[in-house]
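Asks: Sharing a structure below in structure tokens format, with a few things to ask.
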Amino acid sequence: MNESLSLNARLYEQVALIRRTEEVIAEIYPSDKIKSPVHLAIGQEYICAAVIEHLKASDYACGTYRGHGVYLAKGGSLNSMMAELYGKSTGCAKGRAGSMHLVESQHGVIGMSAVVGTGIPVAVGYALAIKQKKTTDVVVVFMGDGATEEGCFSESINFAALHKLPILFVCENNQLAIHEPIDKRWATPHITQRVSTYGIPTKQFSKPDIFAIHEYVGEQIKQMRQGAGPCFIECFTHRWSEHVGPNEDYDQGYRSLEAAEPWRKNDVLITLGETLAPALRDSIDTKIETKIQEAVNFAEQSPFPDPKELYDYVYAK
Amino acid sequence: MSTPNSTRLLKYYEALNEGAAQAMSEDHRVFMMGLDVDDHKGIQGSTLGLVEKFGAERVFTTPLSEDAMTGVAIGAAMAGQRPIHVHIRMDFMMLCMNQLVNIAAKSHYMYGGTVQVPLVVRTMIGKSWGQGAQHSQGLHAMFAHVPGLKVVAPSNAHDAKGLTIQAVRDNNPVIIMEHRLLYSTESYVPEKPYVVEFGQSRVVEEGSDITIVAISNMVVEAIRAAELLSAQGISVEIIDPVTISPLDSATIEKSVDKTGKLLIVDNGWLNCGISAEISARVAESEIITRRVQVKRLGFAATTCPTTPTLENAFYPSPKSIAMAAMNLCNPQSSWEPNDAQCELAYQKQFKGPF
């Protein structure tokens with residue numbers, strides 16, 4: 001992250017990097033060079049950008065199988081991520097993870113899981129370790145609305161609240177689990193109200209307001225570092241892409257482009273970009289394109305792992 | 001080797017307790033969590049006194065949220081701590097399967113060796129006094145099926161302590177499968193910390209006519225059966241694999257190459273179980289040069305009933321083990337140990353030395 005930039009520019013840089021990276025992934029995908037299913041978060045990038053802007057290098061963030069944004073925002077190497085998607089030995093998990101299990105321990109990126117909700121208690125475990133080590137680090141764990149239906153979601157929030165652990169739960173509510181709308185999955189849609197009964201601060205963001213999220217989270221994390229305990233936020237958002245794969249799927253009949261219009265018209269990439277001087281924006285954009293092209297070249301030129309490595313890492317030494 | 005005066009007879013639960021206490025003393029990152037670990041009964045004594053010794057930050061109870069609590073333990077382990085997660089019955093671990101199988105077992109591999117999960121899960125099998133369907137299961141084969149997990153089954157106090165310390169020091173997820181009926185059994189246990197290495201089967205008793213491989217408390221039952229068989233002139237070699245995964249089958253194969261007869265007595269079901277795995281390894285063995293006869297005993301292929309008449313028929317016993325062994329050694333024999341002999345055999349216990 002470039003500290004010399006204004007907040008707007010820093011956030012823009014992050015949102016644009018994630019957006020453009022995923023757009024390039026979508027362009028490459030039909031070539032079959034990417035050896036992994038990809039779950040794109042185009043349209044949702046502003047949430048992780050806003051939240052993670054407050055994290056230090058020693059803090060932790062855990063995303064999901066839709067986790068390119070969390071990985072990049074937390075400082076994960078774009079080269080390593082792209083190589084991982086290509087299945088190359090220079091990938092962040094040496095080709096064992098693909099897109100769904102991104103990890104980068106030295107930047108505090110907790111390994112991500114393809115089983116919905118599964119990363120939530122693991123992230124709480126990191127927060128427990130922080131409390132035991134008596135440092136002021138914090139953990140942020142991201143999840144979709146589907147994860148709130150898993151038992152471990154409620155179990156994790158209860159335990160974190162009970163032990164006042166330094167963790168922020170971020171629910172990116174795009175109202176879809178694969179293709180199923182939330183009203184077919186929840187008796188009532190009041191996720192934030194439910195969580196508030198655990199006695200922790202909660203806040204719902206119904207609009208794509210990156211600054212509102214940034215401001216609230218900043219205050220909460222400050223208090224969390226002083227022992228205030230966990231916090232939960234719910235950000236309504238919209239997934240532009242299909243559940244898995246490089247395309248949009250408004251023509252599939254399970255959702256309409258009309259309903260998506262308010263979200264797509266308020267695209268944070270555009271609204272945030274408009275707050276910047278055009279020259280600054282252009283220079284950020286140019287840098288991002290160079291960086292992505294370098295990552296693609298790096299991935300393409302990197303070797304695949306040797307088949308004789310198959311049994312490496314089954315057990316830790 | 002320990003000097004004689006540095007060991008003393010200790011009960012299995014005391015050995016578990018001492019192993020955990022010494023592991024916690026030697027490494028401040030070790031902590032213990034699980035429902036009831038800090039209460040007045042202390043998991044049948046196996047955790048008693050630890051909260052007083054190490055404080056509530058290192059020994060604490062949990063909500064009844066086995067799924068999430070397993071994930072919490074895994075996350076803490078990934079972040080550099082060394083948790084011991086305790087379940088008073090193994091049946092409850094069905095609620096932990098997602099975290100154990102999808103995260104604990106896979107993380108080191110899936111994250112390209114950048115993450116380790118030094119997690120210990122202690123869990124206990126129940127038996128008798130109507131433990132029934134959901135307090136009695138030996139589910140070691142389910143866990144042993146998954147690469148990345150280690151599974152150990154101490155059959156005596158010596159191994160209970162040594163395996164606990166080894167499990168805590170290991171950088172992988174390790175499941176320690178204990179047995180309730182072993183909790184009061186005694187053996188010679190060194191006072192100092194020591195480890196029982198994983199992946200080394202133990203020859204508990206040497207013999208020449210038949211090899212009996214027994215798991216968990218079936219080791220004790222096999223020792224009793226060997227006593228009955230010895231009176232009939234049959235010499236039994238008893239092998240305790242100690243570690244279910246990774247399994248040291250070479251020790252078993254060498255023994256079978258000597259005896260030509262193998263009886264496997266599991267503390268679990270036969271279907272797709274560890275007895276099937278051991279049989280397969282014997283069939284594929286490059287060590288064994290002779291024809292081998294194999295027989296397996298284990299839980300009946302039913303749910304465990306509570307009423308004693310059915311429960312007794314559900315489990316292998318010294319009598320059924322002895323008769324199965326006799327049948328392998330001498331198919332013509334109609335020998336059946338009488339009740340008095342079986343009763344006497346129950347006095348027999350293996351206390352070491354190891």
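Each chain in the structure tokens gets a letter, A, B, ..., in the order shown, and its residues are numbered from 1; ligands are numbered from 1 in order too.
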Dump as a tab-separated table the rows for residues of chain B within 6 Å of chain A: closest atom pair and distance in Å with one decimal, only C-alpha atoms counted, ordered by chain and rising residue number.

Replies:
```
residue	atom	partner	partner_atom	distance
B:Ser65	CA	A:Glu155	CA	5.8
B:Ala68	CA	A:Cys152	CA	4.9
B:Gly71	CA	A:Val122	CA	4.6
B:Val72	CA	A:Gly125	CA	3.7
B:Ala73	CA	A:Gly125	CA	5.8
B:Gly75	CA	A:Gly125	CA	3.9
B:Ala76	CA	A:Gly125	CA	4.3
B:Ala79	CA	A:Tyr126	CA	5.5
B:His108	CA	A:Tyr313	CA	5.9
B:Tyr109	CA	A:Tyr313	CA	4.7
B:Met110	CA	A:Arg96	CA	5.2
B:Tyr111	CA	A:Ala93	CA	4.7
B:Gly112	CA	A:Ala93	CA	3.9
B:Gly113	CA	A:Tyr313	CA	5.4
B:Gly148	CA	A:Val314	CA	5.3
B:Asn171	CA	A:Ala316	CA	5.7
B:Asn172	CA	A:Ala316	CA	5.9
```

Asks: Could you give me, as an MDAnalysis selection string, the residues within 7 Å of A:Lys164, counting only C-alpha atoms and dropping anything in the same chain fewer than 3 positions from it?

Replies: chainID A and resid 160:161 228:230

Asks: Using only C-alpha atoms, which of A:Lys265, A:Arg239, A:Ile221, A:Glu13 sits nearest A:Ser283?

Replies: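 Of the candidates, the smallest distance to A:Ser283 is held by A:Glu13.
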
Asks: So that I can check the surroundings of B:Thr309, please list as a CSV table (one decimal) with C-alpha atoms, in the first residue's frame every protein, DNA and RNA residue that reaches within 12 Å of it, counting only C-alpha atoms and ignoring chain neighbours fewer than 5 positions away.

Replies:
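Contents of out-v9.csv, freshly written:
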```csv
chain,number,residue,atom,x,y,z
B,128,SER,CA,-20.1,-51.4,29.4
B,129,TRP,CA,-22.6,-50.0,32.0
B,130,GLY,CA,-25.0,-49.3,29.1
B,304,CYS,CA,-23.9,-51.2,20.2
B,314,PHE,CA,-21.3,-57.4,20.7
B,315,TYR,CA,-17.7,-57.3,21.8
```

Asks: Report as a list in words all protein, DNA and RNA residues lying within 7 Å of stretch 198-209 of chain A, evaluated on only C-alpha atoms, omitting residues in the same chain fewer than 6 positions from it.

Replies: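 Near stretch 198-209 of chain A, the qualifying residues are Asn158, Ala161, Thr192, Pro230, Cys231, Phe232, Ile233, Glu234, Cys235, Phe236, Thr237 and Val268 of chain A.
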
Asks: Please provide the set of residues having any atom within 6 Å of B:Ile239, restricted to only C-alpha atoms, with same-chain residues fewer than 3 positions apart removed, written as a PDB file with C-alpha atoms, in the first residue's frame.

Replies:
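To be explicit, this is the file written out as out21.pdb:
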```pdb
ATOM      1  CA  ARG B 202       5.136 -53.110  19.944  1.00  0.00           C
ATOM      2  CA  VAL B 203       5.539 -56.845  20.477  1.00  0.00           C
ATOM      3  CA  VAL B 204       3.760 -57.101  23.818  1.00  0.00           C
ATOM      4  CA  VAL B 213      -2.727 -57.991  16.604  1.00  0.00           C
TER       5      VAL B 213
END
```

Asks: Pick out each residue of stretch 38-264 of chain B that DSSP on the backbone tags as strand (DSSP E); I need them as an NGL selection string.

Replies: :B and (59-60 or 82-87 or 120-125 or 150-152 or 174-179 or 186-190 or 202-205 or 210-214 or 236-240 or 243-245 or 261-264)

Asks: Hey, can you spit out that residue selection with C-alpha atoms as a PDB file, in the first residue's frame?

Replies:
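Listed below is the output, result_12.pdb:
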```pdb
ATOM      1  CA  VAL B  59      -7.050 -24.820  30.751  1.00  0.00           C
ATOM      2  CA  PHE B  60     -10.628 -23.911  29.952  1.00  0.00           C
ATOM      3  CA  ARG B  82      -0.217 -26.008  20.588  1.00  0.00           C
ATOM      4  CA  PRO B  83      -3.764 -26.871  21.655  1.00  0.00           C
ATOM      5  CA  ILE B  84      -4.970 -30.083  23.266  1.00  0.00           C
ATOM      6  CA  HIS B  85      -8.684 -30.408  22.523  1.00  0.00           C
ATOM      7  CA  VAL B  86     -10.455 -32.939  24.743  1.00  0.00           C
ATOM      8  CA  HIS B  87     -13.675 -34.857  24.034  1.00  0.00           C
ATOM      9  CA  VAL B 120      -3.792 -32.778  19.682  1.00  0.00           C
ATOM     10  CA  VAL B 121      -7.292 -34.197  20.007  1.00  0.00           C
ATOM     11  CA  ARG B 122      -7.848 -36.425  23.032  1.00  0.00           C
ATOM     12  CA  THR B 123     -10.903 -38.609  22.893  1.00  0.00           C
ATOM     13  CA  MET B 124     -12.258 -41.582  24.806  1.00  0.00           C
ATOM     14  CA  ILE B 125     -14.152 -44.715  23.845  1.00  0.00           C
ATOM     15  CA  LYS B 150      -2.218 -39.224  12.776  1.00  0.00           C
ATOM     16  CA  VAL B 151      -4.148 -41.596  15.020  1.00  0.00           C
ATOM     17  CA  VAL B 152      -2.772 -43.313  18.105  1.00  0.00           C
ATOM     18  CA  VAL B 174      -2.848 -36.139  16.171  1.00  0.00           C
ATOM     19  CA  ILE B 175      -5.918 -37.943  17.512  1.00  0.00           C
ATOM     20  CA  ILE B 176      -5.317 -39.854  20.742  1.00  0.00           C
ATOM     21  CA  MET B 177      -7.976 -42.546  21.076  1.00  0.00           C
ATOM     22  CA  GLU B 178      -8.226 -43.553  24.727  1.00  0.00           C
ATOM     23  CA  HIS B 179     -10.419 -46.222  26.263  1.00  0.00           C
ATOM     24  CA  GLU B 186      -1.669 -49.577  35.882  1.00  0.00           C
ATOM     25  CA  SER B 187       1.748 -49.884  34.375  1.00  0.00           C
ATOM     26  CA  TYR B 188       5.288 -48.748  35.074  1.00  0.00           C
ATOM     27  CA  VAL B 189       5.654 -45.158  33.964  1.00  0.00           C
ATOM     28  CA  PRO B 190       8.863 -43.093  34.074  1.00  0.00           C
ATOM     29  CA  ARG B 202       5.136 -53.110  19.944  1.00  0.00           C
ATOM     30  CA  VAL B 203       5.539 -56.845  20.477  1.00  0.00           C
ATOM     31  CA  VAL B 204       3.760 -57.101  23.818  1.00  0.00           C
ATOM     32  CA  GLU B 205       4.325 -60.826  24.276  1.00  0.00           C
ATOM     33  CA  ILE B 210       0.024 -67.444  16.236  1.00  0.00           C
ATOM     34  CA  THR B 211       0.180 -63.654  15.942  1.00  0.00           C
ATOM     35  CA  ILE B 212      -2.612 -61.668  17.549  1.00  0.00           C
ATOM     36  CA  VAL B 213      -2.727 -57.991  16.604  1.00  0.00           C
ATOM     37  CA  ALA B 214      -4.956 -56.098  19.013  1.00  0.00           C
ATOM     38  CA  VAL B 236       0.822 -66.444  21.242  1.00  0.00           C
ATOM     39  CA  GLU B 237       2.713 -63.423  19.931  1.00  0.00           C
ATOM     40  CA  ILE B 238       0.736 -60.283  20.761  1.00  0.00           C
ATOM     41  CA  ILE B 239       1.352 -57.099  18.807  1.00  0.00           C
ATOM     42  CA  ASP B 240      -0.019 -53.694  19.705  1.00  0.00           C
ATOM     43  CA  THR B 243      -0.147 -46.025  16.166  1.00  0.00           C
ATOM     44  CA  ILE B 244      -3.114 -46.669  13.891  1.00  0.00           C
ATOM     45  CA  SER B 245      -1.804 -44.105  11.395  1.00  0.00           C
ATOM     46  CA  LYS B 261      -1.299 -67.369  11.498  1.00  0.00           C
ATOM     47  CA  LEU B 262      -2.802 -63.944  12.109  1.00  0.00           C
ATOM     48  CA  LEU B 263      -5.758 -63.001  14.279  1.00  0.00           C
ATOM     49  CA  ILE B 264      -6.618 -59.299  14.296  1.00  0.00           C
TER      50      ILE B 264
END
```

Asks: Looking at A:Ile18, A:Glu45, A:Ser6, A:Ala61, which one is nearest to A:Asp285, with distances taken over only C-alpha atoms?

Replies: A:Ile18

Asks: Considering only alpha helix (DSSP H) as DSSP defines it on the backbone, what residues of stretch 1-156 of chain B qualify? List them as number ranges by chain.

Replies: B: 12-26, 50-54, 66-78, 97, 107-110, 140-144

Asks: Write the residues you've just listed into a file as a compact mmCIF listing (two decimals), in the first residue's frame, and include C-alpha atoms for each of them.

Replies:
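So out-v2.txt came out as:
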```txt
# COMPACT_ATOMS: atom_id res chain seq x y z
CA TYR B 12 -3.71 -44.74 32.76
CA TYR B 13 -5.62 -41.57 33.64
CA GLU B 14 -2.80 -40.41 35.89
CA ALA B 15 -0.35 -40.99 33.07
CA LEU B 16 -2.49 -38.95 30.66
CA ASN B 17 -2.65 -36.21 33.26
CA GLU B 18 1.09 -36.25 33.92
CA GLY B 19 1.88 -36.29 30.19
CA ALA B 20 -0.25 -33.20 29.59
CA ALA B 21 1.14 -31.43 32.67
CA GLN B 22 4.73 -32.07 31.63
CA ALA B 23 4.01 -31.02 28.03
CA MET B 24 2.45 -27.80 29.32
CA SER B 25 5.39 -27.17 31.67
CA GLU B 26 7.98 -27.55 28.96
CA LEU B 50 -4.34 -28.79 35.54
CA VAL B 51 -6.39 -25.60 35.81
CA GLU B 52 -4.95 -24.99 39.28
CA LYS B 53 -1.44 -25.59 37.99
CA PHE B 54 -1.61 -23.65 34.73
CA GLU B 66 -17.60 -29.13 18.69
CA ASP B 67 -17.51 -28.01 15.07
CA ALA B 68 -16.41 -24.44 15.73
CA MET B 69 -14.24 -25.35 18.71
CA THR B 70 -12.27 -27.73 16.52
CA GLY B 71 -11.80 -24.91 14.03
CA VAL B 72 -10.72 -22.59 16.84
CA ALA B 73 -8.14 -25.12 18.02
CA ILE B 74 -6.89 -25.53 14.45
CA GLY B 75 -6.63 -21.76 13.95
CA ALA B 76 -4.74 -21.35 17.21
CA ALA B 77 -2.39 -24.15 16.15
CA MET B 78 -1.79 -22.49 12.77
CA MET B 97 -15.36 -34.07 11.01
CA SER B 107 -3.78 -27.48 5.52
CA HIS B 108 -0.09 -28.33 5.46
CA TYR B 109 -0.50 -29.84 2.00
CA MET B 110 -3.15 -27.53 0.58
CA HIS B 140 -10.17 -44.71 14.39
CA ALA B 141 -10.47 -46.16 10.88
CA MET B 142 -12.48 -43.14 9.72
CA PHE B 143 -9.69 -40.82 10.74
CA ALA B 144 -6.88 -43.14 9.65
```

Asks: Counting only C-alpha atoms, figure out which residue out of B:Glu57, B:Asp266, B:Asp91, B:Glu221 gets nearest to B:Lys319.

Replies: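 Ranking B:Glu57, B:Asp266, B:Asp91, B:Glu221 by distance to B:Lys319, first place goes to B:Glu221.
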
Asks: Would you work out the distance separating atom CA of A:Thr271 from atom CA of A:Tyr46, expressed in Å to one decimal?

Replies: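 Atom CA of A:Tyr46 lies 11.1 Å from atom CA of A:Thr271.
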
Asks: Using only C-alpha atoms, which residues sit within 8 Å of B:Ile223 once same-chain residues fewer than 2 positions away are excluded, as a VMD selection string?

Replies: chain B and resid 219 to 221 225 to 227 238 348 to 350

Asks: Would you mind listing what lies within 10 Å of stretch 196-199 of chain B as number ranges by chain, with only C-alpha atoms counted and same-chain residues fewer than 3 positions away left out?

Replies: B: 150-152, 154, 158-167, 170, 202, 241-249

Asks: Using only C-alpha atoms, which of A:Pro307, A:Leu72, A:His39, A:Ala299 sits nearest A:Gly87?

Replies: A:Ala299
